[in-house]
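A.B. asks: The structure under discussion is supplied below as structure tokens; questions concerning it will follow.
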Amino acid sequence: MKEIPIAKPSLGRAEAQAAADTVLSGWVTQGPRVKAFEDAFASAVGSQHACAVSSCTVALHLALLAVGVKPGDVVITVSHSFIATANAVRHCGAEPVFVDIDADTLNMDPAALERCLREDFDDKGRVAAILVVHQVGMPANLEPILRLASERSIPVVEDAACAIGAEFRGERIGKPHGDIACFSFHPRKVITTGDGGMLTTNDAALDAKFRLLRHHGMDVSDYARHSSDDVIFERYAVTGFNYRMTDIQAAVGLEQLKRLPELIKERRELARMYAEALASTGVQIPREPEYARSNWQSYIVRLAPGQDQRRTMQALKARGIHTRRGIMCAHLETPYAAAWPKGCLPRSEEAQERGLTLPLYPGMERADVARVVEALRAAA
Ligand SMILES: *Cc1c(COP(=O)(O)O)cnc(C)c1O
């Protein structure tokens, strides 16, 4: 019996050759290929700037620092996300304040955000940013969120880890709609560089901050110094980090980016097949709201009430089908649980308890989709 994995990166000869060529080129970390990948990425999403880093987690860290998040501040975000979202706030010495999600899109509920912004934060700290997630590639309802933020002059960072190629009202996520968008190239995402991340912005001053911070606070890049006819003495303006992407990763990323349209097309076709086949199974399928087009980085269904999550997953596993729960809530994990008792974010918690991520990856066949749906039907 053929195993059906939960996900599979789409990597081939072209990526392997690009990595090999880079190894043999003599320039292996943040250099000409990182620059080329940044330029190609910016034009793919329609942003003025793109800055490559070693992961989305560090991209979120730099984005929050760049908009001024500092120790003692609070950042409003969702708990119902990969835990890196909340952790990035803590990396700045700030504290996340979680708001509940919209049950259909699994994204920040603008009404919950509005209620939260009306609260008195004097004892907790200044609201320094809103960190909005486009969960599993489904764009959040940005219009009301951006309006609430701009009325109060609060910067907005988009956690677009999964959202490359997704669209909000016909515009690519990452344009960006907020101040900064952050992407991931982990193998579970739509394109991969092994690990890696990208920050996009239309603000040159923010982009300059990312570049300084990712490279130890050094005021000139290694490549610029190397390429200059004049001797350049570098200076270290701030306490920075080593968050560099390597040229080997960027070379792979350039090849992946060329295939982005075809990869998304295939994901959308698989999602369409699932929606059709799952219609009569009792599970609730994900739907795009009128403002959004998903890239279907993951396909999360909601089990019927009373359908046991663990038992369903075990039954599918026995048939060689690998699933995951949906998204986990950060506030139910040890680092956050003390301040956020169970029950405080009911829609987030319900989504965790009833969510089921089905296999979806380029190269998955129609027969595989049918097998997953049949197994789900048998388990119910
Ligand atoms: C994957 C993911 C991250 C972390 O990305 P890395 O590149 O692995 O650091 C952050 N936020 C969300 C929503 C994610 O899905």
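Letters A, B, ... mark the chains of the structure tokens in the order given; residue numbers begin at 1 per chain; ligand numbers begin at 1, in order shown.
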Hey, what does DSSP flag as strand (DSSP E) within region 342-371 of chain A? Can you give it to me as a list in words?

C.D. replies: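 Filtering region 342-371 of chain A down to strand (DSSP E) leaves Gly355, Leu356, Thr357 and Leu358 of chain A.
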
A.B. asks: Around ligand 1, which protein and nucleic acid residues have at least one atom no more than 9 Å from it, if we count only C-alpha atoms and all ligand atoms? List them as a VMD selection string.

C.D. replies: chain A and resid 54 to 60 80 to 86 88 133 to 137 159 to 163 182 to 189 195 to 198 327

A.B. asks: Distance CA of Ala351 (chain A)-CA of Val78 (chain A), one decimal place?

C.D. replies: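 Straight-line distance from CA of Ala351 (chain A) to CA of Val78 (chain A) works out to 12.6 Å.
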
A.B. asks: Between A:Arg377, A:Asp219, A:Ala44, A:Thr239, which is the closest to Ala279 (chain A) once you count only C-alpha atoms?

C.D. replies: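 Answer, going by the shortest atom-to-atom distance: A:Arg377.
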
A.B. asks: So which residues of region 19-189 of chain A fall under helix (DSSP H, G or I) by DSSP, listed as a PyMOL selection string?

C.D. replies: chain A and resi 19-25+32-45+56-66+84-91+110-118+135-137+142-151

A.B. asks: Excluding Ala224 (chain A) and its own-chain neighbours fewer than 5 positions away, which residues fall within 12 Å of it when counting only C-alpha atoms? Please give them as a list in words.

C.D. replies: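 Residues near the query, excluding close chain neighbours: Gln30, Gly31, Pro32, Lys35, Met218, Asp219, Asp229, Asp230, Val231, Ile232, Phe233 and Glu234 of chain A.
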
A.B. asks: Would you mind telling me which residue in A:Ala52, A:Ile145, A:Val75, A:Leu106 lies nearest to Cys329 (chain A) when using only C-alpha atoms?

C.D. replies: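 For Cys329 (chain A), the nearest of the given residues is A:Leu106.
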
A.B. asks: What does the distance between CA of Gly68 (chain A) and CA of Phe168 (chain A) come to in Å, to one decimal place?

C.D. replies: 26.3 Å

A.B. asks: Restricting the calculation to only C-alpha atoms, which member of A:Ile248, A:Ala375, A:Leu356, A:Cys116 is positioned closest to Ala149 (chain A)?

C.D. replies: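 Among the listed residues, the smallest separation from Ala149 (chain A) belongs to A:Cys116.
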
A.B. asks: Pick out the closest residue to Pro305 (chain A) from this set: A:Gly326, A:Pro286, A:Gly355, A:Gly46. Count only C-alpha atoms.

C.D. replies: A:Gly355

A.B. asks: Fewer than 2 positions away in the same chain doesn't count, so skip those; otherwise give me all residues within 8 Å of Leu360 (chain A), counting only C-alpha atoms, as a PyMOL selection string.

C.D. replies: chain A and resi 6-7+267+270-271+297-299+358+362+364

A.B. asks: Between CA of Glu3 (chain A) and CA of Ala378 (chain A), what is the spacing in Å?

C.D. replies: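 So the answer is 17.6 Å.
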
A.B. asks: Leaving out Lys258 (chain A) and any residue of its chain fewer than 2 positions from it, which residues lie within 12 Å of it when counting only C-alpha atoms, given as a PyMOL selection string?

C.D. replies: chain A and resi 14-15+37+40-41+43-44+191+251-256+260-264

A.B. asks: Looking at A:Ala103, A:Val45, A:Leu376, A:Val238, which one is nearest to Asp308 (chain A), with distances taken over only C-alpha atoms?

C.D. replies: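 Looking at the shortest contact to Asp308 (chain A), the residue is A:Leu376.
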
A.B. asks: So, counting only C-alpha atoms, which residue among A:Lys2, A:Arg235, A:His331, A:Lys8 is closest to Gly363 (chain A)?

C.D. replies: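 Ranking A:Lys2, A:Arg235, A:His331, A:Lys8 by distance to Gly363 (chain A), first place goes to A:Lys8.
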